[in-house]
file structure_36.cif (mmCIF, C-alpha atoms)
data_target
loop_
_atom_site.group_PDB
_atom_site.id
_atom_site.type_symbol
_atom_site.label_atom_id
_atom_site.label_comp_id
_atom_site.auth_asym_id
_atom_site.auth_seq_id
_atom_site.Cartn_x
_atom_site.Cartn_y
_atom_site.Cartn_z
ATOM 1 C CA MET A 13 172.987 -82.516 -67.340
ATOM 2 C CA ASP A 14 169.724 -80.597 -67.645
ATOM 3 C CA LEU A 15 167.848 -81.764 -64.552
ATOM 4 C CA PRO A 16 164.452 -80.335 -65.617
ATOM 5 C CA ALA A 17 164.775 -82.416 -68.784
ATOM 6 C CA VAL A 18 165.694 -85.482 -66.725
ATOM 7 C CA ARG A 19 162.698 -84.851 -64.460
ATOM 8 C CA THR A 20 160.466 -84.562 -67.523
ATOM 9 C CA PHE A 21 161.835 -87.834 -68.901
ATOM 10 C CA VAL A 22 161.090 -89.655 -65.625
ATOM 11 C CA ALA A 23 157.573 -88.177 -65.483
ATOM 12 C CA ALA A 24 156.887 -89.286 -69.058
ATOM 13 C CA ALA A 25 158.300 -92.757 -68.404
ATOM 14 C CA GLU A 26 156.165 -93.183 -65.277
ATOM 15 C CA GLY A 27 153.037 -91.686 -66.830
ATOM 16 C CA GLY A 28 153.389 -93.475 -70.147
ATOM 17 C CA GLN A 29 152.326 -90.359 -72.058
ATOM 18 C CA PHE A 30 153.754 -86.917 -72.696
ATOM 19 C CA GLN A 31 150.347 -85.503 -71.775
ATOM 20 C CA GLU A 32 150.553 -87.143 -68.337
ATOM 21 C CA ALA A 33 154.033 -85.687 -67.819
ATOM 22 C CA ALA A 34 152.787 -82.234 -68.818
ATOM 23 C CA ALA A 35 149.977 -82.420 -66.268
ATOM 24 C CA ALA A 36 152.296 -83.697 -63.515
ATOM 25 C CA LEU A 37 154.844 -80.912 -64.127
ATOM 26 C CA SER A 38 152.310 -78.152 -64.866
ATOM 27 C CA ILE A 39 153.848 -77.400 -68.266
ATOM 28 C CA THR A 40 152.555 -77.753 -71.833
ATOM 29 C CA GLN A 41 152.822 -80.955 -73.833
ATOM 30 C CA GLN A 42 154.931 -79.025 -76.343
ATOM 31 C CA ALA A 43 157.384 -78.149 -73.567
ATOM 32 C CA VAL A 44 157.593 -81.836 -72.647
ATOM 33 C CA SER A 45 158.418 -82.755 -76.230
ATOM 34 C CA LYS A 46 161.102 -80.066 -76.446
ATOM 35 C CA ARG A 47 162.759 -81.157 -73.217
ATOM 36 C CA ILE A 48 162.759 -84.818 -74.216
ATOM 37 C CA ALA A 49 164.162 -83.954 -77.657
ATOM 38 C CA ALA A 50 166.945 -81.873 -76.088
ATOM 39 C CA LEU A 51 167.824 -84.715 -73.708
ATOM 40 C CA GLU A 52 167.908 -87.204 -76.590
ATOM 41 C CA ARG A 53 170.262 -84.920 -78.516
ATOM 42 C CA GLU A 54 172.533 -84.623 -75.476
ATOM 43 C CA LEU A 55 172.644 -88.387 -74.978
ATOM 44 C CA GLY A 56 172.740 -89.255 -78.682
ATOM 45 C CA VAL A 57 169.998 -91.882 -78.390
ATOM 46 C CA LYS A 58 166.206 -92.159 -78.702
ATOM 47 C CA LEU A 59 164.530 -92.539 -75.326
ATOM 48 C CA PHE A 60 160.916 -93.003 -76.450
ATOM 49 C CA THR A 61 158.971 -94.349 -79.370
ATOM 50 C CA ARG A 62 155.524 -92.885 -79.994
ATOM 51 C CA ALA A 63 152.721 -95.440 -80.281
ATOM 52 C CA ALA A 64 148.951 -95.546 -80.088
ATOM 53 C CA ARG A 65 149.227 -96.449 -76.419
ATOM 54 C CA GLY A 66 151.400 -93.426 -75.686
ATOM 55 C CA ALA A 67 155.158 -92.987 -75.217
ATOM 56 C CA LEU A 68 157.052 -96.267 -74.894
ATOM 57 C CA LEU A 69 160.599 -96.480 -73.578
ATOM 58 C CA THR A 70 163.235 -97.742 -75.969
ATOM 59 C CA LEU A 71 165.912 -100.108 -74.735
ATOM 60 C CA ASP A 72 168.159 -97.075 -74.211
ATOM 61 C CA GLY A 73 165.357 -95.349 -72.336
ATOM 62 C CA GLN A 74 164.911 -98.380 -70.075
ATOM 63 C CA ALA A 75 168.658 -98.425 -69.383
ATOM 64 C CA PHE A 76 168.724 -94.697 -68.600
ATOM 65 C CA LEU A 77 165.646 -94.636 -66.320
ATOM 66 C CA PRO A 78 167.214 -95.917 -63.042
ATOM 67 C CA TYR A 79 170.143 -93.509 -63.445
ATOM 68 C CA ALA A 80 167.761 -90.643 -64.180
ATOM 69 C CA ARG A 81 165.912 -91.405 -60.945
ATOM 70 C CA ALA A 82 169.226 -91.520 -59.086
ATOM 71 C CA LEU A 83 170.124 -88.082 -60.484
ATOM 72 C CA LEU A 84 166.879 -86.629 -59.165
ATOM 73 C CA GLU A 85 167.395 -88.285 -55.778
ATOM 74 C CA ALA A 86 170.905 -86.798 -55.648
ATOM 75 C CA GLU A 87 169.420 -83.392 -56.406
ATOM 76 C CA GLU A 88 166.982 -83.798 -53.518
ATOM 77 C CA ARG A 89 169.802 -84.753 -51.163
ATOM 78 C CA ALA A 90 171.870 -81.791 -52.327
ATOM 79 C CA VAL A 91 169.013 -79.396 -51.599
ATOM 80 C CA ALA A 92 168.334 -81.054 -48.245
ATOM 81 C CA SER A 93 171.991 -80.712 -47.258
ATOM 82 C CA VAL A 94 171.602 -76.927 -47.062
ATOM 83 C CA ARG A 95 168.144 -77.069 -45.511
ATOM 84 C CA PRO A 96 168.912 -79.074 -42.370
ATOM 85 C CA GLY A 97 165.662 -78.226 -40.674
ATOM 86 C CA GLN A 98 163.820 -80.200 -43.339
ATOM 87 C CA ARG A 99 165.574 -83.562 -42.979
ATOM 88 C CA ALA A 100 166.329 -86.137 -40.334
ATOM 89 C CA LEU A 101 169.485 -85.905 -38.247
ATOM 90 C CA ARG A 102 171.922 -88.460 -39.714
ATOM 91 C CA VAL A 103 174.021 -90.181 -37.046
ATOM 92 C CA ASP A 104 176.513 -92.991 -37.648
ATOM 93 C CA VAL A 105 176.953 -95.930 -35.288
ATOM 94 C CA ILE A 106 179.492 -98.728 -35.756
ATOM 95 C CA GLY A 107 176.828 -101.360 -35.124
ATOM 96 C CA ARG A 108 173.127 -101.261 -34.367
ATOM 97 C CA ARG A 109 173.551 -103.770 -31.527
ATOM 98 C CA LEU A 110 176.220 -101.755 -29.760
ATOM 99 C CA SER A 111 175.736 -99.494 -26.775
ATOM 100 C CA VAL A 112 176.001 -96.260 -28.759
ATOM 101 C CA ALA A 113 172.865 -97.301 -30.638
ATOM 102 C CA GLY A 114 171.282 -97.514 -27.193
ATOM 103 C CA LEU A 115 172.354 -93.926 -26.536
ATOM 104 C CA LEU A 116 170.433 -92.889 -29.646
ATOM 105 C CA ARG A 117 167.376 -94.872 -28.555
ATOM 106 C CA ASP A 118 167.446 -93.045 -25.221
ATOM 107 C CA PHE A 119 167.693 -89.726 -27.073
ATOM 108 C CA HIS A 120 164.749 -90.676 -29.295
ATOM 109 C CA ARG A 121 162.646 -91.546 -26.249
ATOM 110 C CA ALA A 122 163.490 -88.144 -24.751
ATOM 111 C CA TYR A 123 162.861 -86.263 -28.025
ATOM 112 C CA PRO A 124 160.359 -88.323 -30.072
ATOM 113 C CA GLU A 125 159.571 -85.299 -32.235
ATOM 114 C CA ILE A 126 163.119 -85.252 -33.695
ATOM 115 C CA ASP A 127 163.562 -87.341 -36.843
ATOM 116 C CA LEU A 128 166.637 -89.582 -36.737
ATOM 117 C CA ASP A 129 168.365 -91.372 -39.591
ATOM 118 C CA VAL A 130 170.657 -94.004 -38.019
ATOM 119 C CA VAL A 131 173.325 -95.156 -40.474
ATOM 120 C CA THR A 132 176.189 -97.627 -40.230
ATOM 121 C CA LEU A 133 179.538 -97.056 -41.913
ATOM 122 C CA LEU A 134 180.484 -100.723 -41.736
ATOM 123 C CA ASN A 135 184.143 -101.420 -40.932
ATOM 124 C CA ALA A 136 184.990 -97.747 -41.435
ATOM 125 C CA GLY A 137 187.562 -96.383 -39.003
ATOM 126 C CA VAL A 138 187.522 -92.973 -37.383
ATOM 127 C CA GLY A 139 189.276 -91.382 -40.371
ATOM 128 C CA ALA A 140 186.527 -92.388 -42.794
ATOM 129 C CA ALA A 141 183.862 -91.391 -40.282
ATOM 130 C CA VAL A 142 185.411 -87.936 -39.814
ATOM 131 C CA ASP A 143 185.568 -87.520 -43.601
ATOM 132 C CA ALA A 144 181.857 -88.317 -43.759
ATOM 133 C CA VAL A 145 181.175 -85.690 -41.081
ATOM 134 C CA ARG A 146 183.266 -83.103 -42.936
ATOM 135 C CA SER A 147 181.506 -83.771 -46.238
ATOM 136 C CA GLY A 148 178.041 -83.579 -44.693
ATOM 137 C CA THR A 149 177.199 -87.192 -45.514
ATOM 138 C CA ILE A 150 176.432 -87.609 -41.821
ATOM 139 C CA ASP A 151 175.836 -85.056 -39.081
ATOM 140 C CA ALA A 152 177.621 -86.918 -36.297
ATOM 141 C CA THR A 153 179.327 -90.185 -35.479
ATOM 142 C CA PHE A 154 180.234 -92.183 -32.374
ATOM 143 C CA ARG A 155 183.923 -93.136 -32.335
ATOM 144 C CA ALA A 156 186.937 -93.518 -30.096
ATOM 145 C CA VAL A 157 189.279 -90.543 -30.662
ATOM 146 C CA THR A 158 191.913 -90.007 -31.496
ATOM 147 C CA MET A 159 194.203 -92.661 -32.875
ATOM 148 C CA PRO A 160 197.942 -92.032 -32.812
ATOM 149 C CA GLY A 161 198.987 -89.612 -35.544
ATOM 150 C CA GLN A 162 195.401 -88.773 -36.512
ATOM 151 C CA PRO A 163 194.338 -85.590 -34.697
ATOM 152 C CA LEU A 164 190.916 -84.244 -35.522
ATOM 153 C CA PRO A 165 191.013 -81.694 -38.361
ATOM 154 C CA ASP A 166 190.018 -78.056 -37.970
ATOM 155 C CA GLY A 167 186.292 -77.567 -37.711
ATOM 156 C CA ILE A 168 185.689 -81.002 -36.198
ATOM 157 C CA GLU A 169 185.017 -81.422 -32.490
ATOM 158 C CA ALA A 170 184.486 -84.393 -30.206
ATOM 159 C CA THR A 171 183.251 -84.878 -26.673
ATOM 160 C CA PRO A 172 183.223 -88.029 -24.492
ATOM 161 C CA VAL A 173 179.759 -89.503 -24.074
ATOM 162 C CA LEU A 174 180.346 -93.036 -22.755
ATOM 163 C CA ASP A 175 183.201 -94.976 -21.143
ATOM 164 C CA GLU A 176 182.047 -98.554 -21.509
ATOM 165 C CA PRO A 177 183.545 -101.318 -19.339
ATOM 166 C CA LEU A 178 184.718 -104.467 -21.100
ATOM 167 C CA GLN A 179 183.774 -107.991 -20.076
ATOM 168 C CA LEU A 180 185.386 -111.346 -20.809
ATOM 169 C CA PHE A 181 183.033 -113.551 -22.820
ATOM 170 C CA THR A 182 183.534 -117.327 -22.593
ATOM 171 C CA GLY A 183 181.875 -120.684 -23.037
ATOM 172 C CA PRO A 184 181.077 -122.935 -20.059
ATOM 173 C CA ALA A 185 184.270 -125.021 -20.434
ATOM 174 C CA HIS A 186 186.687 -122.075 -20.343
ATOM 175 C CA GLU A 187 189.038 -121.880 -17.351
ATOM 176 C CA PHE A 188 187.549 -118.540 -16.245
ATOM 177 C CA ALA A 189 183.910 -119.489 -16.868
ATOM 178 C CA GLY A 190 183.104 -119.701 -13.164
ATOM 179 C CA ALA A 191 185.080 -116.643 -12.038
ATOM 180 C CA PRO A 192 183.081 -113.755 -10.522
ATOM 181 C CA ALA A 193 185.626 -111.363 -12.031
ATOM 182 C CA VAL A 194 189.001 -111.516 -13.758
ATOM 183 C CA ALA A 195 191.952 -109.136 -13.647
ATOM 184 C CA PRO A 196 193.324 -108.359 -17.142
ATOM 185 C CA ALA A 197 196.791 -109.469 -16.005
ATOM 186 C CA ARG A 198 195.460 -113.026 -15.500
ATOM 187 C CA LEU A 199 194.719 -113.187 -19.231
ATOM 188 C CA ALA A 200 198.413 -113.012 -20.107
ATOM 189 C CA GLY A 201 199.213 -115.606 -22.760
ATOM 190 C CA ARG A 202 195.547 -116.370 -23.390
ATOM 191 C CA ARG A 203 193.996 -116.170 -26.830
ATOM 192 C CA ILE A 204 191.247 -113.596 -27.327
ATOM 193 C CA TRP A 205 189.463 -114.145 -30.629
ATOM 194 C CA MET A 206 188.132 -110.973 -32.298
ATOM 195 C CA PRO A 207 187.679 -111.532 -36.051
ATOM 196 C CA GLY A 208 185.896 -108.183 -36.393
ATOM 197 C CA ASN A 209 189.063 -106.222 -35.579
ATOM 198 C CA VAL A 210 189.724 -104.537 -38.914
ATOM 199 C CA PRO A 211 193.347 -103.333 -39.284
ATOM 200 C CA GLY A 212 193.633 -99.564 -39.343
ATOM 201 C CA THR A 213 190.499 -98.915 -37.288
ATOM 202 C CA GLU A 214 190.453 -97.252 -33.897
ATOM 203 C CA TRP A 215 188.950 -100.323 -32.210
ATOM 204 C CA ALA A 216 191.764 -102.512 -33.537
ATOM 205 C CA ALA A 217 194.261 -99.947 -32.191
ATOM 206 C CA TYR A 218 192.501 -100.034 -28.823
ATOM 207 C CA TYR A 219 192.669 -103.813 -28.510
ATOM 208 C CA ASP A 220 196.244 -103.950 -29.785
ATOM 209 C CA GLU A 221 197.313 -101.617 -26.993
ATOM 210 C CA LEU A 222 195.250 -103.559 -24.460
ATOM 211 C CA ALA A 223 197.010 -106.748 -25.525
ATOM 212 C CA ALA A 224 200.420 -105.105 -25.238
ATOM 213 C CA ALA A 225 199.639 -103.699 -21.792
ATOM 214 C CA PHE A 226 198.603 -107.039 -20.269
ATOM 215 C CA GLY A 227 200.461 -109.612 -22.372
ATOM 216 C CA LEU A 228 197.456 -111.266 -23.947
ATOM 217 C CA THR A 229 196.993 -112.318 -27.582
ATOM 218 C CA ILE A 230 194.348 -110.690 -29.755
ATOM 219 C CA ASP A 231 193.631 -113.075 -32.642
ATOM 220 C CA SER A 232 191.747 -111.490 -35.554
ATOM 221 C CA ILE A 233 192.423 -114.343 -37.986
ATOM 222 C CA GLY A 234 189.463 -115.739 -39.848
ATOM 223 C CA PRO A 235 186.472 -114.272 -41.684
ATOM 224 C CA ASP A 236 183.986 -112.229 -39.690
ATOM 225 C CA PHE A 237 180.640 -113.966 -40.236
ATOM 226 C CA GLY A 238 178.858 -111.871 -37.627
ATOM 227 C CA ILE A 239 177.868 -112.243 -34.011
ATOM 228 C CA GLU A 240 175.930 -115.545 -34.219
ATOM 229 C CA PRO A 241 178.857 -117.647 -35.579
ATOM 230 C CA LEU A 242 181.127 -115.947 -33.030
ATOM 231 C CA LEU A 243 178.791 -117.000 -30.213
ATOM 232 C CA ASP A 244 178.683 -120.570 -31.561
ATOM 233 C CA THR A 245 182.492 -120.823 -31.651
ATOM 234 C CA ILE A 246 183.030 -119.320 -28.183
ATOM 235 C CA ALA A 247 180.364 -121.576 -26.673
ATOM 236 C CA ALA A 248 182.039 -124.718 -28.009
ATOM 237 C CA SER A 249 185.620 -123.799 -27.060
ATOM 238 C CA SER A 250 187.518 -124.360 -23.816
ATOM 239 C CA THR A 251 190.392 -122.057 -24.833
ATOM 240 C CA LEU A 252 188.890 -119.240 -26.888
ATOM 241 C CA ALA A 253 187.373 -116.143 -25.311
ATOM 242 C CA THR A 254 186.473 -112.718 -26.602
ATOM 243 C CA PHE A 255 185.706 -109.274 -25.237
ATOM 244 C CA VAL A 256 182.278 -107.667 -25.227
ATOM 245 C CA SER A 257 181.161 -104.330 -23.922
ATOM 246 C CA ALA A 258 179.151 -104.421 -20.737
ATOM 247 C CA GLN A 259 176.201 -102.518 -22.193
ATOM 248 C CA THR A 260 175.990 -104.412 -25.500
ATOM 249 C CA PRO A 261 172.837 -106.579 -25.453
ATOM 250 C CA LEU A 262 173.420 -110.157 -26.566
ATOM 251 C CA VAL A 263 171.013 -113.085 -26.851
ATOM 252 C CA TRP A 264 172.110 -116.672 -27.435
ATOM 253 C CA PRO A 265 170.560 -120.167 -27.397
ATOM 254 C CA ALA A 266 170.046 -121.572 -23.912
ATOM 255 C CA GLY A 267 172.286 -124.536 -24.615
ATOM 256 C CA HIS A 268 175.304 -122.296 -25.215
ATOM 257 C CA ASP A 269 175.550 -121.381 -21.494
ATOM 258 C CA LEU A 270 177.830 -118.428 -22.316
ATOM 259 C CA ARG A 271 179.362 -116.328 -19.551
ATOM 260 C CA ARG A 272 179.941 -112.559 -19.279
ATOM 261 C CA ILE A 273 182.670 -111.998 -16.693
ATOM 262 C CA PRO A 274 183.568 -108.505 -15.406
ATOM 263 C CA LEU A 275 187.174 -107.347 -15.789
ATOM 264 C CA ARG A 276 188.572 -105.595 -12.720
ATOM 265 C CA ASP A 277 191.804 -104.266 -11.219
ATOM 266 C CA PRO A 278 191.809 -102.358 -13.518
ATOM 267 C CA THR A 279 188.658 -102.326 -15.644
ATOM 268 C CA PRO A 280 189.401 -101.651 -19.318
ATOM 269 C CA VAL A 281 186.890 -99.165 -20.679
ATOM 270 C CA TYR A 282 186.220 -98.325 -24.309
ATOM 271 C CA PRO A 283 185.916 -94.540 -24.760
ATOM 272 C CA HIS A 284 183.038 -93.495 -27.016
ATOM 273 C CA SER A 285 182.904 -89.883 -28.181
ATOM 274 C CA LEU A 286 180.458 -87.959 -30.311
ATOM 275 C CA ILE A 287 182.116 -86.244 -33.297
ATOM 276 C CA TRP A 288 180.498 -83.434 -35.263
ATOM 277 C CA ARG A 289 181.308 -80.464 -37.507
ATOM 278 C CA THR A 290 181.255 -77.165 -35.657
ATOM 279 C CA ASP A 291 179.504 -75.245 -38.444
ATOM 280 C CA ASN A 292 176.715 -77.814 -38.898
ATOM 281 C CA PRO A 293 173.495 -75.817 -38.461
ATOM 282 C CA HIS A 294 171.104 -78.739 -37.961
ATOM 283 C CA PRO A 295 168.923 -77.704 -34.992
ATOM 284 C CA ALA A 296 168.666 -81.257 -33.653
ATOM 285 C CA LEU A 297 172.452 -81.628 -33.384
ATOM 286 C CA THR A 298 172.614 -79.258 -30.409
ATOM 287 C CA ALA A 299 169.834 -81.195 -28.688
ATOM 288 C CA LEU A 300 171.719 -84.460 -29.212
ATOM 289 C CA ARG A 301 174.992 -83.052 -27.855
ATOM 290 C CA ASP A 302 173.299 -81.536 -24.815
ATOM 291 C CA HIS A 303 171.421 -84.752 -24.076
ATOM 292 C CA LEU A 304 174.530 -86.934 -24.279
ATOM 293 C CA THR A 305 176.882 -84.664 -22.356
ATOM 294 C CA SER A 306 174.350 -84.096 -19.565
ATOM 295 C CA ALA A 307 174.016 -87.867 -19.121
ATOM 296 C CA TYR A 308 177.797 -88.499 -19.147
ATOM 297 C CA PRO A 309 178.926 -88.969 -15.527
ATOM 298 C CA GLY A 310 182.565 -88.083 -16.184
ATOM 299 C CA ARG A 311 185.617 -90.310 -16.266
ATOM 300 C CA PRO A 312 186.780 -91.833 -12.959
ATOM 301 C CA SER A 313 190.361 -91.073 -12.035
ATOM 302 C CA GLU A 314 191.155 -94.558 -10.682
ATOM 303 C CA GLY A 315 190.358 -98.198 -11.329
ATOM 304 C CA ILE A 316 190.125 -98.074 -15.119
ATOM 305 C CA TRP A 317 192.480 -98.686 -18.023
ATOM 306 C CA LEU A 318 192.633 -96.607 -21.209
ATOM 307 C CA PRO A 319 195.202 -96.526 -23.982
ATOM 308 C CA GLY A 320 197.576 -93.588 -23.834
ATOM 309 C CA TRP A 321 196.054 -91.864 -26.857
ATOM 310 C CA ALA A 322 192.597 -91.962 -25.296
ATOM 311 C CA GLN A 323 193.910 -90.476 -22.058
ATOM 312 C CA ARG A 324 195.515 -87.592 -23.969
ATOM 313 C CA ALA A 325 192.336 -87.015 -25.950
#
call {"tool": "encode", "arguments": {"input": "structure_36.cif", "output": "structure tokens"}}
result
Amino acid sequence: MDLPAVRTFVAAAEGGQFQEAAAALSITQQAVSKRIAALERELGVKLFTRAARGALLTLDGQAFLPYARALLEAEERAVASVRPGQRALRVDVIGRRLSVAGLLRDFHRAYPEIDLDVVTLLNAGVGAAVDAVRSGTIDATFRAVTMPGQPLPDGIEATPVLDEPLQLFTGPAHEFAGAPAVAPARLAGRRIWMPGNVPGTEWAAYYDELAAAFGLTIDSIGPDFGIEPLLDTIAASSTLATFVSAQTPLVWPAGHDLRRIPLRDPTPVYPHSLIWRTDNPHPALTALRDHLTSAYPGRPSEGIWLPGWAQRA
């Protein structure tokens, strides 16, 4: 589609007159008329009617206007994709409340001059996130890598940036509510409710292997209504518990009296990595990688549990 003609149509629709569009685009009014006429021929409909008040959109013109704006926005994004110095660094996080979002906040405090666009590919596993990195939809993503049978493709790299300890999360009536710490083996046979575990994602694979290693039951049955309903259910139950990451901030009503209990001997840790495309020229990407890797203390050799695929990665 002729994008200059589409741009002219949008300018005329917003200005209400062909003369206004001509002034906005620095072209003649005759050129505006020619572009609009060519667009109408291409679409096979009339987009404007001429009236004393100016150019009025027809019903077809009203229907086409939002799509015309979307075409121009897509053009802007396409241009920006090859001019990385002129746009914000787009980084994906699984959830804005999770610890990796905190890593980005720390980076922003260290480099306030760098524009960040924090996006969330909801319920998208590492495969979809890597595809988004490859396509340039995002510049980087935080994920656990790699899942069994899904090695990173050529041109994609990853580096560990955070090994986050897990905690047991219970209500006040749970049998482990008063424990200063719990060994994962003591959870054998217990029900751990995690409705956000989407099949096929790397976090579901992580918890499946954790359950197999220590004989516990990960229950993902039921709709995922978000964190607040999860907190309500855990607070009211004497048998249900869930896992939370130690650095994930959570706030709940005082009456819930929820408990965060460390897991030890060993401590299961969730391995977060930063994934990016090696030929991405965005200047802020190097600053982000350097900041995260310099703050990563390294993985301890003892006292932690990781799934086999994370150890190999």
call {"tool": "resolve_selection", "arguments": {"input": "structure_36.cif", "expression": "the PyMOL selection byres ((chain A and resi 81-87) around 12)", "output": "PyMOL selection string"}}
result
chain A and resi 13-23+25-26+74-80+88-94+149
call {"tool": "resolve_selection", "arguments": {"input": "structure_36.cif", "expression": "the PyMOL selection byres ((chain A and resi 294) around 8)", "output": "CSV table (one decimal) with C-alpha atoms, in the coordinates of the input"}}
result
chain,number,residue,atom,x,y,z
A,96,PRO,CA,168.9,-79.1,-42.4
A,97,GLY,CA,165.7,-78.2,-40.7
A,101,LEU,CA,169.5,-85.9,-38.2
A,151,ASP,CA,175.8,-85.1,-39.1
A,292,ASN,CA,176.7,-77.8,-38.9
A,293,PRO,CA,173.5,-75.8,-38.5
A,295,PRO,CA,168.9,-77.7,-35.0
A,296,ALA,CA,168.7,-81.3,-33.7
A,297,LEU,CA,172.5,-81.6,-33.4
A,298,THR,CA,172.6,-79.3,-30.4
call {"tool": "resolve_selection", "arguments": {"input": "structure_36.cif", "expression": "the PyMOL selection byres ((chain A and resi 307-320) around 6)", "output": "ChimeraX atom specification"}}
result
/A:173,278-280,304-306,321-323
call {"tool": "atom_distance", "arguments": {"input": "structure_36.cif", "atom1": "CA of Asp104 (chain A)", "atom2": "CA of Phe154 (chain A)"}}
result
6.5 Å
call {"tool": "atom_distance", "arguments": {"input": "structure_36.cif", "atom1": "CA of Gly227 (chain A)", "atom2": "CA of Pro261 (chain A)"}}
result
28.0 Å
call {"tool": "atom_distance", "arguments": {"input": "structure_36.cif", "atom1": "CA of Leu174 (chain A)", "atom2": "CA of Ile233 (chain A)"}}
result
28.8 Å
call {"tool": "closest_residue", "arguments": {"input": "structure_36.cif", "among": "A:Gly114, A:Gly267, A:Gly27, A:Gly139", "to": "Glu214 (chain A)", "atoms": "only C-alpha atoms"}}
result
A:Gly139
call {"tool": "closest_residue", "arguments": {"input": "structure_36.cif", "among": "A:Ala156, A:Leu51, A:Ala225, A:Ala35", "to": "Leu286 (chain A)", "atoms": "only C-alpha atoms"}}
result
A:Ala156
call {"tool": "closest_residue", "arguments": {"input": "structure_36.cif", "among": "A:Gly183, A:Ala253, A:Ile230, A:Ala189", "to": "His268 (chain A)", "atoms": "only C-alpha atoms"}}
result
A:Gly183
call {"tool": "residues_around", "arguments": {"input": "structure_36.cif", "residues": "Asp220 (chain A)", "least_positions_apart": "3", "cutoff": "12 Å", "atoms": "all atoms listed in the file", "output": "PyMOL selection string"}}
result
chain A and resi 159+204+206+209-217+223-232+318-319
call {"tool": "write_last_selection", "arguments": {"input": "structure_36.cif", "atoms": "C-alpha atoms", "output": "compact mmCIF listing (two decimals), in the frame of the given file"}}
result
# COMPACT_ATOMS: atom_id res chain seq x y z
CA MET A 159 194.20 -92.66 -32.88
CA ILE A 204 191.25 -113.60 -27.33
CA MET A 206 188.13 -110.97 -32.30
CA ASN A 209 189.06 -106.22 -35.58
CA VAL A 210 189.72 -104.54 -38.91
CA PRO A 211 193.35 -103.33 -39.28
CA GLY A 212 193.63 -99.56 -39.34
CA THR A 213 190.50 -98.92 -37.29
CA GLU A 214 190.45 -97.25 -33.90
CA TRP A 215 188.95 -100.32 -32.21
CA ALA A 216 191.76 -102.51 -33.54
CA ALA A 217 194.26 -99.95 -32.19
CA ALA A 223 197.01 -106.75 -25.52
CA ALA A 224 200.42 -105.10 -25.24
CA ALA A 225 199.64 -103.70 -21.79
CA PHE A 226 198.60 -107.04 -20.27
CA GLY A 227 200.46 -109.61 -22.37
CA LEU A 228 197.46 -111.27 -23.95
CA THR A 229 196.99 -112.32 -27.58
CA ILE A 230 194.35 -110.69 -29.76
CA ASP A 231 193.63 -113.08 -32.64
CA SER A 232 191.75 -111.49 -35.55
CA LEU A 318 192.63 -96.61 -21.21
CA PRO A 319 195.20 -96.53 -23.98
call {"tool": "residues_around", "arguments": {"input": "structure_36.cif", "residues": "Leu128 (chain A)", "least_positions_apart": "3", "cutoff": "8 Å", "atoms": "all atoms listed in the file", "output": "short mmCIF file (atom, residue, chain, number, x, y, z; two decimals) with C-alpha atoms, in the frame of the given file"}}
result
data_model
loop_
_atom_site.label_atom_id
_atom_site.label_comp_id
_atom_site.auth_asym_id
_atom_site.auth_seq_id
_atom_site.Cartn_x
_atom_site.Cartn_y
_atom_site.Cartn_z
CA ALA A 100 166.33 -86.14 -40.33
CA LEU A 101 169.48 -85.90 -38.25
CA ARG A 102 171.92 -88.46 -39.71
CA VAL A 103 174.02 -90.18 -37.05
CA HIS A 120 164.75 -90.68 -29.30
#
call {"tool": "closest_residue", "arguments": {"input": "structure_36.cif", "among": "A:Gly28, A:Arg276, A:Ser38, A:Val112", "to": "Thr61 (chain A)", "atoms": "only C-alpha atoms"}}
result
A:Gly28
call {"tool": "closest_residue", "arguments": {"input": "structure_36.cif", "among": "A:Asp118, A:Asp302, A:Asp291, A:Asp129", "to": "Thr171 (chain A)", "atoms": "all atoms listed in the file"}}
result
A:Asp302
call {"tool": "residues_around", "arguments": {"input": "structure_36.cif", "residues": "Thr260 (chain A)", "least_positions_apart": "3", "cutoff": "12 Å", "atoms": "all atoms listed in the file", "output": "list in words"}}
result
Gly107, Arg108, Arg109, Leu110, Ser111, Val112, Ala113, Gly114, Leu115, Glu176, Pro177, Leu178, Gln179, Phe181, Ile239, Phe255, Val256, Ser257, Val263, Arg272 and Tyr282 of chain A
call {"tool": "closest_residue", "arguments": {"input": "structure_36.cif", "among": "A:Arg62, A:Arg117, A:Arg271, A:Arg202", "to": "Leu252 (chain A)", "atoms": "all atoms listed in the file"}}
result
A:Arg202
